[in-house]
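Colleague: Can you read through this structure? Questions will come right after.
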Amino acid sequence: MKKWIYYIALLFVCAGCDMTLLPETHITEEDVMKDLVDVEKCFMSAYQLDDAISNKIDCDRGLSDDMVPYFDYKEDAIYFYNQNAGEMYRCGWVEYMYAGFYKSIAICNETLYQLEHCPKTDTAAWEQLKGEALALRAYDHFSLVNYYGRPYFDKPETNPGIVLKMEYSLAEAPRSTVQVVYDSVLSDLNRAYRLLNSEEEAPARFTKDGVTALLCRVYLFMNKWNEVIDEADKLIGKYDLPSNVAKQFTTSNGKGEIFTLDFSYNKYGFYYANGFVSGKLQNSFDEYDERLNFIDQEEDFIITDEGYIEWILTDPKVAKIGLTYKALRIAEVYLNRAEAYCELGEDGLAREDLKAVVANNGVDASYIDALSGDELMNEILVEREREFMGEGYRALDLLRKGLPVVRYYTEEDFDMAEPQQTLAIDHFSRILPIPHKECYLNTLIEQNAGYPRDTKL
């Protein structure tokens with residue numbers, strides 16, 4: 001067990017399971033764990049995704065159009081705003097997100113290896129643990145491929161995705177295509193579903209429902225609308241939307257949670273959705289929307305040139321502080337199904353799902369009855385923008401729908417009447433670069449178009 005811990009520590013130092021030129025390490029017979037309890041204890045660290053998730057949220061707001069960078073503090077989001085390929089290539093957010101998910105994948109792979117050599121003294125527990133490792137590996141791979149690869153609708157059979165890691169290995173490897181990665185994700189999830197048999201640790205660990213919710217999301221990204229509906233149908237009616245919207249992110253194991261990642265072990269004890277809210281997003285909220293509680297905007301004063309006090313509102317910050325990260329929740333499932341129904345021309349059913357989410361936030365949802373077709377689809381996407389503000393959804397929603405990033409803000413003004421930046425779907429900065437360290441240490445990996453690839457640390 002000590003040697004396995006050493007291997008995982010080595011991966012952390014190398015910033016990702018494939019980010020090293022060290023010789024491949026083989027697990028010897030003496031290193032195989034003989035006790036399922038020990039295997040489970042080591043596996044639990046794979047759920048510690050605080051670095052991956054925190055940096056994913058930051059990368060998403062950098063890539064999207066609803067969050068304004070901290071211009072005064074010269075933060076990394078400014079590199080995204082300016083489409084500075086060189087700085088994005090060396091950006092810590094890009095590196096730590098990449099490394100965090102691959103570290104989790106490495107632990108999942110070593111868990112699967114250990115399980116194959118561990119006696120099945122408790123078949124149900126053995127199958128549950130294997131199912132969790134497969135499900136979490138799928139979650140990690142899926143999270144990576146959508147930020148570092150082109151969207152699924154865009155030639156997935158030829159576009160490079162990510163390095164697909166299906167076994168514990170420190171060897172260099174090329175990127176698999178987007179299609180191959182998606183096929184692997186679906187395979188892992190379907191295998192996991194058959195194995196998972198316990199809900200005792202839900203929502204902090206993967207269950208059948210967690211796999212179902214993730215399948216619903218994967219099919220959404222693949223534009224497989226009937227499959228989205230099939231998976232959503234298994235969950236809607238079983239889970240309630242949160243009764244206290246304002247407090248849902250400061251509580252654990254609340255209503256509507258399907259799969260949740262714990263941040264209590266993080267050095268801060270929580271994650272914080274940084275950035276300012278664009279005027280366009282803030283203006284989209286109804287005045288009675290309870291989610292306005294997640295926007296922190298206070299009164300302050302300035303002294304005018306004439307010596308008078310003038311009261312102003314401070315720049316609006318996102319105030320979603322989470323002790324846990326609600327990775328999969330029922331509100332998303334409702335909105336996934338609403339989008340699928342709308343794509344299939346079932347506007348009436350789409351409206352009902354959309355109204356359920358809108359009304360739960362204290363808003364009179366009757367306006368939705370007048371929407372259909374493109375107007376209805378646009379409202380579904382805007383509702384996703386409101387519901388998942390600060391959680392790291394917006395950039396991928398725009399990308400998977402083939403929509404441009406349209407920014408209605410500048411450094412001086414967060415609420416402009418006309419677009420100040422428009423980035424088309426094929427703009428290089430719509431997806432992340434393969435991180436600098438990975439390019440340096442993995443000679444087989446291909447860089448995304450528009451970004452540098454050098455051989456200097």
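Going through the structure tokens in order, the chains are called A, B, and so on, while each chain numbers its residues from 1 and the ligands are numbered from 1 in the order shown.
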Determine which residues of region 128-298 of chain A DSSP labels as alpha helix (DSSP H) from the backbone of this structure, then write them out as JSON, numbers by chain.
Modeller: {"A": [128, 129, 130, 131, 132, 133, 134, 135, 136, 137, 138, 139, 140, 141, 142, 143, 144, 145, 146, 147, 148, 178, 179, 180, 181, 182, 183, 184, 185, 186, 187, 188, 189, 190, 191, 192, 193, 194, 195, 208, 209, 210, 211, 212, 213, 214, 215, 216, 217, 218, 219, 220, 221, 225, 226, 227, 228, 229, 230, 231, 232, 233, 279, 280, 281, 282, 283]}
Colleague: Could I get the residues of region 194-251 of chain A with an atom no further than 9 Å from an atom of region 285-293 of chain A, each paired with its nearest atom pair and that distance in Å to one decimal, using only C-alpha atoms, sorted by chain and residue number, as a Markdown table?
Modeller:
| residue | atom | partner | partner_atom | distance |
| --- | --- | --- | --- | --- |
| A:Asn244 | CA | A:Glu290 | CA | 9.0 |
| A:Val245 | CA | A:Glu290 | CA | 6.5 |
| A:Ala246 | CA | A:Asn293 | CA | 6.2 |
Colleague: May I have the residues from that selection written out with N, CA and C atoms, as a tab-separated table (two decimals), in the first residue's frame?
Modeller:
chain	number	residue	atom	x	y	z
A	244	ASN	N	-35.12	25.43	-0.81
A	244	ASN	CA	-34.47	26.69	-0.40
A	244	ASN	C	-33.34	26.97	-1.37
A	245	VAL	N	-33.65	27.70	-2.43
A	245	VAL	CA	-32.68	27.93	-3.50
A	245	VAL	C	-31.45	28.66	-2.97
A	246	ALA	N	-31.66	29.66	-2.14
A	246	ALA	CA	-30.55	30.51	-1.69
A	246	ALA	C	-29.53	29.75	-0.86
Colleague: Hey, can you check how far CA of Gly161 (chain A) sits from CA of Leu195 (chain A)?
Modeller: 27.5 Å
Colleague: With only C-alpha atoms as the counted atoms, please give the residues lying no more than 10 Å from Lys456 (chain A), apart from itself and same-chain residues fewer than 4 positions off, as a ChimeraX atom specification.
Modeller: /A:436-437,439-441
Colleague: Of the candidates A:Tyr451, A:Ala338, A:Ser284, A:Cys59, which one gets nearest to Val382 (chain A) if we count only C-alpha atoms?
Modeller: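 Residue with the minimum atom-to-atom distance to Val382 (chain A): A:Ser284.
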Colleague: Show me, as number ranges by chain, the residues that have an atom within 10 Å of region 349-365 of chain A when counting only C-alpha atoms, minus same-chain residues fewer than 4 positions from it.
Modeller: A: 236, 241-246, 285-292, 330-345, 369-372, 376-377, 379-380, 383-384, 386-387
Colleague: Calculated over only C-alpha atoms, which of the candidates A:Lys401, A:Arg61, A:Lys56, A:Lys120 has the smallest distance to Phe80 (chain A)?
Modeller: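 Once distances to Phe80 (chain A) are computed over only C-alpha atoms, the minimum belongs to A:Arg61.
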Colleague: Calculated over only C-alpha atoms, which of the candidates A:Arg175, A:Lys103, A:Arg191, A:His141 has the smallest distance to Thr158 (chain A)?
Modeller: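 Ranking A:Arg175, A:Lys103, A:Arg191, A:His141 by distance to Thr158 (chain A), first place goes to A:Arg175.
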Colleague: Based on the backbone DSSP call, show me all residues of region 98-249 of chain A assigned strand (DSSP E or B), as a PyMOL selection string.
Modeller: chain A and resi 160+177+236+239
Colleague: Near Ile162 (chain A), within 9 Å and counting only C-alpha atoms, which residues show up once chain neighbours fewer than 6 positions away are dropped, as a PyMOL selection string?
Modeller: chain A and resi 141+144-145+148-149+174-178+181+434+445
Colleague: Keeping only N, CA and C atoms, write the selected residues as an mmCIF file, in the first residue's frame.
Modeller:
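To be explicit, this is the file written out as part.cif:
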data_model
loop_
_atom_site.group_PDB
_atom_site.id
_atom_site.type_symbol
_atom_site.label_atom_id
_atom_site.label_comp_id
_atom_site.auth_asym_id
_atom_site.auth_seq_id
_atom_site.Cartn_x
_atom_site.Cartn_y
_atom_site.Cartn_z
ATOM 1 N N HIS A 141 -12.634 11.717 -17.873
ATOM 2 C CA HIS A 141 -12.337 11.774 -19.311
ATOM 3 C C HIS A 141 -13.306 12.713 -20.034
ATOM 4 N N LEU A 144 -12.493 16.357 -19.441
ATOM 5 C CA LEU A 144 -11.305 16.794 -20.175
ATOM 6 C C LEU A 144 -11.566 16.976 -21.664
ATOM 7 N N VAL A 145 -12.230 16.011 -22.287
ATOM 8 C CA VAL A 145 -12.346 16.032 -23.747
ATOM 9 C C VAL A 145 -13.145 17.235 -24.237
ATOM 10 N N TYR A 148 -10.561 20.363 -24.023
ATOM 11 C CA TYR A 148 -9.317 20.297 -24.793
ATOM 12 C C TYR A 148 -9.531 19.749 -26.200
ATOM 13 N N GLY A 149 -10.757 19.348 -26.520
ATOM 14 C CA GLY A 149 -11.076 18.862 -27.854
ATOM 15 C C GLY A 149 -12.236 19.638 -28.456
ATOM 16 N N PRO A 174 -0.151 9.416 -27.524
ATOM 17 C CA PRO A 174 -0.806 10.433 -28.361
ATOM 18 C C PRO A 174 -2.251 10.638 -27.930
ATOM 19 N N ARG A 175 -2.890 11.629 -28.500
ATOM 20 C CA ARG A 175 -4.299 11.892 -28.229
ATOM 21 C C ARG A 175 -5.182 10.950 -29.045
ATOM 22 N N SER A 176 -6.220 10.437 -28.423
ATOM 23 C CA SER A 176 -7.246 9.693 -29.143
ATOM 24 C C SER A 176 -8.232 10.684 -29.747
ATOM 25 N N THR A 177 -8.982 10.244 -30.748
ATOM 26 C CA THR A 177 -9.972 11.136 -31.350
ATOM 27 C C THR A 177 -11.119 11.387 -30.372
ATOM 28 N N VAL A 178 -11.868 12.439 -30.637
ATOM 29 C CA VAL A 178 -13.030 12.753 -29.812
ATOM 30 C C VAL A 178 -13.998 11.577 -29.795
ATOM 31 N N VAL A 181 -12.813 8.774 -27.487
ATOM 32 C CA VAL A 181 -12.978 9.147 -26.077
ATOM 33 C C VAL A 181 -14.441 9.016 -25.664
ATOM 34 N N ILE A 434 -3.385 22.334 -25.047
ATOM 35 C CA ILE A 434 -2.737 21.300 -24.247
ATOM 36 C C ILE A 434 -1.668 22.004 -23.413
ATOM 37 N N ILE A 445 2.300 14.049 -28.120
ATOM 38 C CA ILE A 445 1.011 14.743 -28.088
ATOM 39 C C ILE A 445 0.964 15.885 -29.104
#
Colleague: Could you give me, as a VMD selection string, the residues within 6 Å of region 94-98 of chain A, counting only C-alpha atoms and dropping anything in the same chain fewer than 2 positions from it?
Modeller: chain A and resid 52 55 to 56 91 to 92 100 to 101 435
Colleague: Please produce a file of those selected residues containing C-alpha atoms, as an mmCIF file, in the first residue's frame.
Modeller:
data_model
loop_
_atom_site.group_PDB
_atom_site.id
_atom_site.type_symbol
_atom_site.label_atom_id
_atom_site.label_comp_id
_atom_site.auth_asym_id
_atom_site.auth_seq_id
_atom_site.Cartn_x
_atom_site.Cartn_y
_atom_site.Cartn_z
ATOM 1 C CA ALA A 52 -9.575 20.067 -11.158
ATOM 2 C CA ASN A 55 -9.630 25.457 -12.243
ATOM 3 C CA LYS A 56 -12.327 24.110 -14.569
ATOM 4 C CA CYS A 91 -1.745 29.396 -17.711
ATOM 5 C CA GLY A 92 -1.889 27.684 -14.324
ATOM 6 C CA GLY A 100 -6.205 17.254 -11.459
ATOM 7 C CA PHE A 101 -8.452 15.142 -13.664
ATOM 8 C CA PRO A 435 -0.736 22.564 -21.235
#
Colleague: For Ala319 (chain A), which residue among A:Ser264, A:Gly390, A:Ile78, A:Tyr367 is the nearest when counting only C-alpha atoms?
Modeller: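 Once distances to Ala319 (chain A) are computed over only C-alpha atoms, the minimum belongs to A:Gly390.
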